[in-house]
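Visitor: Sharing coords_23.pdb (PDB, C-alpha atoms) below.
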```pdb
ATOM      1  CA  MET U  54       0.000   0.000   0.000
ATOM      2  CA  SER U  55       1.051   3.581  -0.571
ATOM      3  CA  THR U  56      -0.109   6.871   0.905
ATOM      4  CA  ILE U  57      -0.429  10.346  -0.525
ATOM      5  CA  VAL U  58      -0.707  13.388   1.753
ATOM      6  CA  PHE U  59      -2.840  16.375   0.831
ATOM      7  CA  ALA U  60      -1.376  19.278   2.807
ATOM      8  CA  ARG U  61      -3.595  22.072   4.061
ATOM      9  CA  ASP U  62      -1.598  24.564   1.963
ATOM     10  CA  SER U  63      -1.492  22.405  -1.175
ATOM     11  CA  ASP U  64      -2.861  23.740  -4.450
ATOM     12  CA  MET U  65      -5.797  21.288  -4.427
ATOM     13  CA  VAL U  66      -6.978  22.180  -0.939
ATOM     14  CA  GLN U  67      -6.464  25.872  -1.582
ATOM     15  CA  TYR U  68      -8.521  25.600  -4.749
ATOM     16  CA  ILE U  69     -11.401  23.894  -2.922
ATOM     17  CA  CYS U  70     -11.381  26.619  -0.274
ATOM     18  CA  SER U  71     -11.343  29.342  -2.927
ATOM     19  CA  GLN U  72     -14.456  27.848  -4.517
ATOM     20  CA  ASP U  73     -16.158  27.273  -1.165
ATOM     21  CA  PRO U  74     -15.054  29.665   1.619
ATOM     22  CA  GLU U  75     -16.997  27.632   4.196
ATOM     23  CA  PHE U  76     -14.724  24.679   3.454
ATOM     24  CA  ALA U  77     -11.748  26.580   4.875
ATOM     25  CA  ARG U  78     -13.249  26.112   8.356
ATOM     26  CA  LEU U  79     -13.000  22.356   7.971
ATOM     27  CA  ALA U  80      -9.570  22.439   6.347
ATOM     28  CA  ASP U  81      -8.238  24.601   9.199
ATOM     29  CA  ALA U  82      -9.735  22.284  11.824
ATOM     30  CA  VAL U  83      -8.325  19.135  10.222
ATOM     31  CA  GLY U  84      -5.024  20.230   8.670
ATOM     32  CA  ASP U  85      -3.496  17.660   6.330
ATOM     33  CA  VAL U  86      -5.338  14.531   5.138
ATOM     34  CA  CYS U  87      -4.051  11.247   3.731
ATOM     35  CA  LEU U  88      -5.262   8.839   1.087
ATOM     36  CA  THR U  89      -3.975   5.293   1.478
ATOM     37  CA  TYR U  90      -4.296   3.045  -1.544
ATOM     38  CA  ARG U  91      -5.311  -0.524  -0.840
ATOM     39  CA  GLY U  92      -3.178  -2.127  -3.519
ATOM     40  CA  ASP U  93      -4.329  -5.147  -5.531
ATOM     41  CA  PRO U  94      -7.783  -4.794  -7.093
ATOM     42  CA  PHE U  95      -9.389  -8.053  -5.950
ATOM     43  CA  PRO U  96      -8.491  -7.850  -2.232
ATOM     44  CA  SER U  97      -9.526  -4.204  -2.284
ATOM     45  CA  LEU U  98     -13.009  -5.089  -3.520
ATOM     46  CA  VAL U  99     -13.375  -7.924  -1.017
ATOM     47  CA  ARG U 100     -12.402  -5.521   1.741
ATOM     48  CA  SER U 101     -14.981  -2.996   0.514
ATOM     49  CA  ILE U 102     -17.672  -5.681   0.560
ATOM     50  CA  ILE U 103     -16.685  -6.643   4.097
ATOM     51  CA  GLY U 104     -16.953  -2.992   5.094
ATOM     52  CA  GLN U 105     -20.532  -2.564   3.923
ATOM     53  CA  GLN U 106     -22.834  -1.393   6.750
ATOM     54  CA  VAL U 107     -20.381  -2.159   9.569
ATOM     55  CA  THR U 108     -17.953  -0.060  11.569
ATOM     56  CA  GLY U 109     -14.385   0.344  10.410
ATOM     57  CA  LYS U 110     -13.143  -1.554  13.465
ATOM     58  CA  SER U 111     -15.437  -4.506  12.772
ATOM     59  CA  ALA U 112     -14.481  -4.562   9.090
ATOM     60  CA  SER U 113     -10.759  -4.556   9.916
ATOM     61  CA  ALA U 114     -11.169  -7.447  12.347
ATOM     62  CA  THR U 115     -13.075  -9.523   9.791
ATOM     63  CA  TRP U 116     -10.505  -8.741   7.114
ATOM     64  CA  GLU U 117      -7.645  -9.903   9.358
ATOM     65  CA  ARG U 118      -9.483 -13.144  10.165
ATOM     66  CA  LEU U 119     -10.112 -13.750   6.481
ATOM     67  CA  LEU U 120      -6.414 -13.317   5.682
ATOM     68  CA  VAL U 121      -5.583 -15.823   8.414
ATOM     69  CA  ARG U 122      -8.011 -18.278   6.822
ATOM     70  CA  CYS U 123      -6.385 -17.689   3.445
ATOM     71  CA  GLY U 124      -2.977 -18.282   5.043
ATOM     72  CA  THR U 125      -3.946 -21.677   6.415
ATOM     73  CA  ALA U 126      -5.296 -22.977   3.130
ATOM     74  CA  VAL U 127      -3.451 -24.028  -0.009
ATOM     75  CA  LEU U 128      -4.561 -24.878  -3.512
ATOM     76  CA  VAL U 129      -4.265 -28.599  -4.191
ATOM     77  CA  ALA U 130      -1.693 -29.060  -6.927
ATOM     78  CA  GLY U 131      -3.238 -30.646  -9.974
ATOM     79  CA  ALA U 132      -6.726 -30.747  -8.497
ATOM     80  CA  ALA U 133      -9.564 -31.080 -10.932
ATOM     81  CA  PRO U 134     -11.712 -27.982 -11.388
ATOM     82  CA  VAL U 135     -14.672 -27.647  -9.061
ATOM     83  CA  GLY U 136     -17.263 -25.598 -10.932
ATOM     84  CA  ALA U 137     -16.191 -22.666 -13.076
ATOM     85  CA  GLY U 138     -12.542 -21.964 -12.482
ATOM     86  CA  THR U 139     -12.367 -23.104  -8.866
ATOM     87  CA  VAL U 140     -10.126 -25.704  -7.310
ATOM     88  CA  ALA U 141     -10.255 -27.844  -4.210
ATOM     89  CA  LEU U 142      -8.793 -26.407  -1.008
ATOM     90  CA  VAL U 143      -7.249 -28.132   1.988
ATOM     91  CA  SER U 144      -6.138 -26.937   5.393
ATOM     92  CA  GLU U 145      -2.406 -26.944   6.057
ATOM     93  CA  ALA U 146      -2.455 -25.898   9.705
ATOM     94  CA  ALA U 147       0.322 -28.324  10.602
ATOM     95  CA  ALA U 148       2.576 -27.006   7.867
ATOM     96  CA  THR U 149       2.205 -23.327   8.706
ATOM     97  CA  PRO U 150       4.431 -21.512  11.203
ATOM     98  CA  GLY U 151       1.481 -20.430  13.353
ATOM     99  CA  PRO U 152      -2.247 -19.790  13.379
ATOM    100  CA  GLN U 153      -1.784 -16.080  12.605
ATOM    101  CA  GLN U 154       0.060 -16.505   9.322
ATOM    102  CA  LEU U 155      -1.589 -14.158   6.851
ATOM    103  CA  GLY U 156      -2.336 -15.359   3.370
ATOM    104  CA  THR U 157      -3.251 -13.749   0.072
ATOM    105  CA  CYS U 158      -6.863 -13.004  -0.751
ATOM    106  CA  SER U 159      -7.171 -14.193  -4.348
ATOM    107  CA  PRO U 160     -10.213 -15.113  -6.465
ATOM    108  CA  ARG U 161      -9.137 -18.757  -6.715
ATOM    109  CA  ILE U 162      -8.746 -19.112  -2.956
ATOM    110  CA  ILE U 163     -12.024 -17.350  -2.124
ATOM    111  CA  ALA U 164     -13.904 -19.356  -4.770
ATOM    112  CA  ALA U 165     -12.587 -22.589  -3.285
ATOM    113  CA  MET U 166     -13.187 -21.791   0.392
ATOM    114  CA  ASP U 167     -16.303 -23.337   1.883
ATOM    115  CA  GLU U 168     -19.016 -21.294   3.538
ATOM    116  CA  GLU U 169     -18.066 -22.546   6.999
ATOM    117  CA  SER U 170     -14.554 -21.097   6.691
ATOM    118  CA  LEU U 171     -15.850 -17.760   5.466
ATOM    119  CA  ARG U 172     -18.447 -17.579   8.227
ATOM    120  CA  ALA U 173     -15.730 -18.352  10.768
ATOM    121  CA  ALA U 174     -13.865 -15.303   9.453
ATOM    122  CA  GLY U 175     -16.923 -13.205  10.256
ATOM    123  CA  LEU U 176     -18.679 -12.864   6.894
ATOM    124  CA  SER U 177     -22.476 -13.005   6.856
ATOM    125  CA  ARG U 178     -24.247 -15.388   4.482
ATOM    126  CA  GLN U 179     -25.111 -12.419   2.299
ATOM    127  CA  LYS U 180     -21.522 -11.187   2.077
ATOM    128  CA  ILE U 181     -20.305 -14.717   1.405
ATOM    129  CA  SER U 182     -22.574 -14.803  -1.639
ATOM    130  CA  TYR U 183     -21.125 -11.447  -2.716
ATOM    131  CA  VAL U 184     -17.441 -12.441  -2.494
ATOM    132  CA  LYS U 185     -18.188 -15.783  -4.141
ATOM    133  CA  ASP U 186     -19.931 -14.069  -7.036
ATOM    134  CA  LEU U 187     -17.046 -11.621  -7.384
ATOM    135  CA  SER U 188     -14.542 -14.488  -7.437
ATOM    136  CA  GLN U 189     -16.443 -16.427 -10.075
ATOM    137  CA  LYS U 190     -16.879 -13.406 -12.337
ATOM    138  CA  VAL U 191     -13.195 -12.492 -12.092
ATOM    139  CA  LEU U 192     -12.114 -16.080 -12.772
ATOM    140  CA  SER U 193     -14.459 -16.382 -15.760
ATOM    141  CA  GLY U 194     -13.234 -13.089 -17.190
ATOM    142  CA  GLU U 195     -16.665 -11.477 -17.061
ATOM    143  CA  VAL U 196     -15.194  -8.822 -14.769
ATOM    144  CA  ASP U 197     -11.690  -7.717 -15.773
ATOM    145  CA  LEU U 198     -10.348  -5.695 -12.858
ATOM    146  CA  GLU U 199      -7.029  -4.997 -14.535
ATOM    147  CA  SER U 200      -8.706  -3.053 -17.339
ATOM    148  CA  LEU U 201     -10.596  -0.643 -15.083
ATOM    149  CA  SER U 202      -7.716   1.765 -14.575
ATOM    150  CA  ASP U 203      -8.023   2.839 -18.220
ATOM    151  CA  VAL U 204     -11.782   3.495 -18.455
ATOM    152  CA  GLN U 205     -14.111   6.325 -17.486
ATOM    153  CA  ASP U 206     -15.865   6.428 -14.105
ATOM    154  CA  ASP U 207     -19.257   5.450 -15.547
ATOM    155  CA  GLU U 208     -17.773   2.340 -17.143
ATOM    156  CA  VAL U 209     -16.037   1.348 -13.898
ATOM    157  CA  ILE U 210     -19.405   1.528 -12.164
ATOM    158  CA  ALA U 211     -21.115  -0.413 -14.969
ATOM    159  CA  VAL U 212     -18.571  -3.243 -14.783
ATOM    160  CA  LEU U 213     -18.388  -3.540 -11.003
ATOM    161  CA  THR U 214     -22.133  -3.417 -10.445
ATOM    162  CA  LYS U 215     -22.445  -6.632 -12.453
ATOM    163  CA  VAL U 216     -21.264  -8.310  -9.260
ATOM    164  CA  ARG U 217     -23.891  -9.254  -6.693
ATOM    165  CA  GLY U 218     -23.666  -6.922  -3.698
ATOM    166  CA  ILE U 219     -21.564  -4.251  -5.387
ATOM    167  CA  GLY U 220     -23.469  -1.025  -5.854
ATOM    168  CA  VAL U 221     -22.494   2.489  -6.811
ATOM    169  CA  TRP U 222     -21.075   3.272  -3.340
ATOM    170  CA  THR U 223     -18.695   0.294  -3.390
ATOM    171  CA  ALA U 224     -17.659   1.096  -6.969
ATOM    172  CA  LYS U 225     -16.850   4.663  -5.958
ATOM    173  CA  MET U 226     -14.812   3.497  -2.959
ATOM    174  CA  TYR U 227     -12.881   1.327  -5.402
ATOM    175  CA  MET U 228     -12.218   4.316  -7.644
ATOM    176  CA  ILE U 229     -10.901   6.285  -4.672
ATOM    177  CA  PHE U 230      -8.894   3.721  -2.734
ATOM    178  CA  THR U 231      -7.690   1.437  -5.527
ATOM    179  CA  LEU U 232      -7.661   3.500  -8.713
ATOM    180  CA  GLY U 233      -6.651   6.695  -6.897
ATOM    181  CA  ARG U 234      -8.988   9.035  -8.735
ATOM    182  CA  PHE U 235      -9.156  12.578  -7.370
ATOM    183  CA  ASP U 236     -12.657  13.566  -8.489
ATOM    184  CA  VAL U 237     -14.982  10.926  -7.023
ATOM    185  CA  PHE U 238     -17.810  11.666  -4.613
ATOM    186  CA  ALA U 239     -20.305   9.237  -3.069
ATOM    187  CA  GLN U 240     -23.209  11.431  -2.019
ATOM    188  CA  SER U 241     -25.023   8.454  -0.450
ATOM    189  CA  ASP U 242     -22.212   7.959   2.089
ATOM    190  CA  LEU U 243     -23.476   8.643   5.619
ATOM    191  CA  GLY U 244     -20.132   9.981   6.804
ATOM    192  CA  LEU U 245     -20.052  12.531   3.983
ATOM    193  CA  ARG U 246     -23.601  13.606   4.733
ATOM    194  CA  LYS U 247     -22.709  14.069   8.403
ATOM    195  CA  GLY U 248     -19.625  16.026   7.409
ATOM    196  CA  ALA U 249     -21.651  18.352   5.181
ATOM    197  CA  LYS U 250     -24.250  18.856   7.925
ATOM    198  CA  TRP U 251     -21.475  20.014  10.292
ATOM    199  CA  LEU U 252     -19.724  22.119   7.665
ATOM    200  CA  TYR U 253     -22.801  24.146   6.720
ATOM    201  CA  ASN U 254     -24.469  24.015  10.144
ATOM    202  CA  LEU U 255     -27.547  22.380   8.638
ATOM    203  CA  PRO U 256     -30.538  21.423  10.815
ATOM    204  CA  LYS U 257     -30.578  17.894   9.405
ATOM    205  CA  LEU U 258     -28.591  15.636   7.110
ATOM    206  CA  PRO U 259     -28.603  16.827   3.493
ATOM    207  CA  LYS U 260     -30.386  14.622   0.998
ATOM    208  CA  GLU U 261     -28.258  12.833  -1.578
ATOM    209  CA  ARG U 262     -29.387  15.102  -4.407
ATOM    210  CA  GLU U 263     -28.600  18.199  -2.334
ATOM    211  CA  LEU U 264     -25.151  16.911  -1.434
ATOM    212  CA  ALA U 265     -24.441  15.993  -5.067
ATOM    213  CA  GLU U 266     -25.213  19.572  -6.050
ATOM    214  CA  ILE U 267     -23.036  20.970  -3.259
ATOM    215  CA  SER U 268     -20.129  18.741  -4.319
ATOM    216  CA  GLN U 269     -20.025  20.332  -7.757
ATOM    217  CA  ARG U 270     -18.231  23.349  -6.259
ATOM    218  CA  TRP U 271     -15.323  21.078  -5.222
ATOM    219  CA  LYS U 272     -14.625  19.701  -8.713
ATOM    220  CA  PRO U 273     -12.167  18.500  -9.935
ATOM    221  CA  TYR U 274     -10.952  17.469  -6.458
ATOM    222  CA  ARG U 275     -14.064  15.965  -4.899
ATOM    223  CA  THR U 276     -12.084  13.015  -3.538
ATOM    224  CA  VAL U 277      -9.935  15.414  -1.534
ATOM    225  CA  ALA U 278     -13.054  17.164  -0.249
ATOM    226  CA  ALA U 279     -14.456  13.768   0.780
ATOM    227  CA  LEU U 280     -11.309  12.961   2.746
ATOM    228  CA  TYR U 281     -11.851  16.143   4.757
ATOM    229  CA  LEU U 282     -15.557  15.542   5.284
ATOM    230  CA  TRP U 283     -14.899  12.023   6.600
ATOM    231  CA  GLN U 284     -12.659  13.561   9.238
ATOM    232  CA  VAL U 285     -15.686  15.263  10.804
ATOM    233  CA  VAL U 286     -16.816  11.844  12.010
ATOM    234  CA  THR U 287     -13.370  10.280  12.484
ATOM    235  CA  ARG U 288     -12.160  13.119  14.709
ATOM    236  CA  ARG U 289     -15.591  13.541  16.282
ATOM    237  CA  LEU U 290     -15.904  17.109  15.125
ATOM    238  CA  VAL U 291     -19.538  16.189  14.581
ATOM    239  CA  ARG U 292     -19.934  16.387  18.366
ATOM    240  CA  VAL U 293     -18.502  19.884  18.499
ATOM    241  CA  ARG U 294     -20.872  22.716  17.704
ATOM    242  CA  ARG U 295     -19.542  24.545  14.697
ATOM    243  CA  SER U 296     -18.794  28.179  15.362
ATOM    244  CA  THR U 297     -20.552  30.688  13.131
TER     245      THR U 297
END
```
Hey, can you dump this file as structure tokens for me?

Guide:
Amino acid sequence: MSTIVFARDSDMVQYICSQDPEFARLADAVGDVCLTYRGDPFPSLVRSIIGQQVTGKSASATWERLLVRCGTAVLVAGAAPVGAGTVALVSEAAATPGPQQLGTCSPRIIAAMDEESLRAAGLSRQKISYVKDLSQKVLSGEVDLESLSDVQDDEVIAVLTKVRGIGVWTAKMYMIFTLGRFDVFAQSDLGLRKGAKWLYNLPKLPKERELAEISQRWKPYRTVAALYLWQVVTRRLVRVRRST
């Protein structure tokens, strides 16, 4: 993984503040923000699926348990295919250095893991169906993750939403944290709505359409604006009454 820092005095942040003077309040309160890329496309999507509708702490714990499960399983050499592009999987607990050895989250491993192993990692039945569908579509070539870095945002969304359980929000998180695009904004995100409520001292959370319109003033750096808005919740600024 790699990280990029957006400094408070950087050109991008300064531009956002020049287009939206209210935003300077948030930028001053937060300072610099960071964007950490998640690396390989497939694990990044699995992690996004795990993170749906749960806290960040819960998602991280499940992700770590899943990697442990991947680390204690190996693909059987020369095994006959099981279904479309999958292979049999066996436990190799005795051959691994310890129970906390982390493995690689790959489509072949996830496709081959049984439901019991995935549930033990903390995935719900619904999310198991999502990661299984993702694995099968990647293995079959229906979803080509490697090609997405070269296409427009709308096409990224169109391709990813072919997968069960991946909606527009997850596709946009992928564009931010895996593809590293600087002008992505998920107006349905609760954290962003809370951040905008604090920023503009609104009586209630803005509706998605309202927030989408507001975000237009932050183009072409809406990702950077989102990183700041998320900090309202992360740093609990949401609990602090905004000065007028």

Visitor: Compare U:Glu263, U:Asp73, U:Asp207, U:Asp236 by their minimum atom-to-atom distance to Leu280 (chain U), counting only C-alpha atoms, and give me the closest one.

Guide: U:Asp236

Visitor: Could you work out how far CA of Ser55 (chain U) lies from CA of Phe230 (chain U), giving the answer in Å with one decimal?

Guide: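 According to the coordinates, CA of Phe230 (chain U) and CA of Ser55 (chain U) are separated by 10.2 Å.
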
Visitor: Starting from 3 Å padding per side, set up an axis-aligned box that covers all listed atoms of region 65-74 of chain U and hand over centre and edge lengths in Å, one decimal, as AutoDock Vina command-line options.

Guide:
```
--center_x -11.0 --center_y 25.5 --center_z -1.6 --size_x 16.4 --size_y 14.4 --size_z 12.4
```

Visitor: Just give me the gap between CA of Leu282 (chain U) and CA of Gly248 (chain U) in Å, one decimal is fine.

Guide: 4.6 Å

Visitor: Running the PyMOL selection byres ((chain U and resi 261) around 10) on this model by hand, what would come out? Give it as a ChimeraX atom specification.

Guide: /U:239-243,245-246,258-260,262-267

Visitor: Carefully work through the PyMOL selection byres ((chain U and resi 64-70) around 9) for this structure and note down the residues it includes, as a count of residues only.

Guide: 22

Visitor: For this structure, which residues satisfy the selection - the PyMOL selection byres ((chain U and resi 86) around 6) - when it is evaluated on the file as given? I want them as number ranges by chain.

Guide: U: 58-59, 85, 87
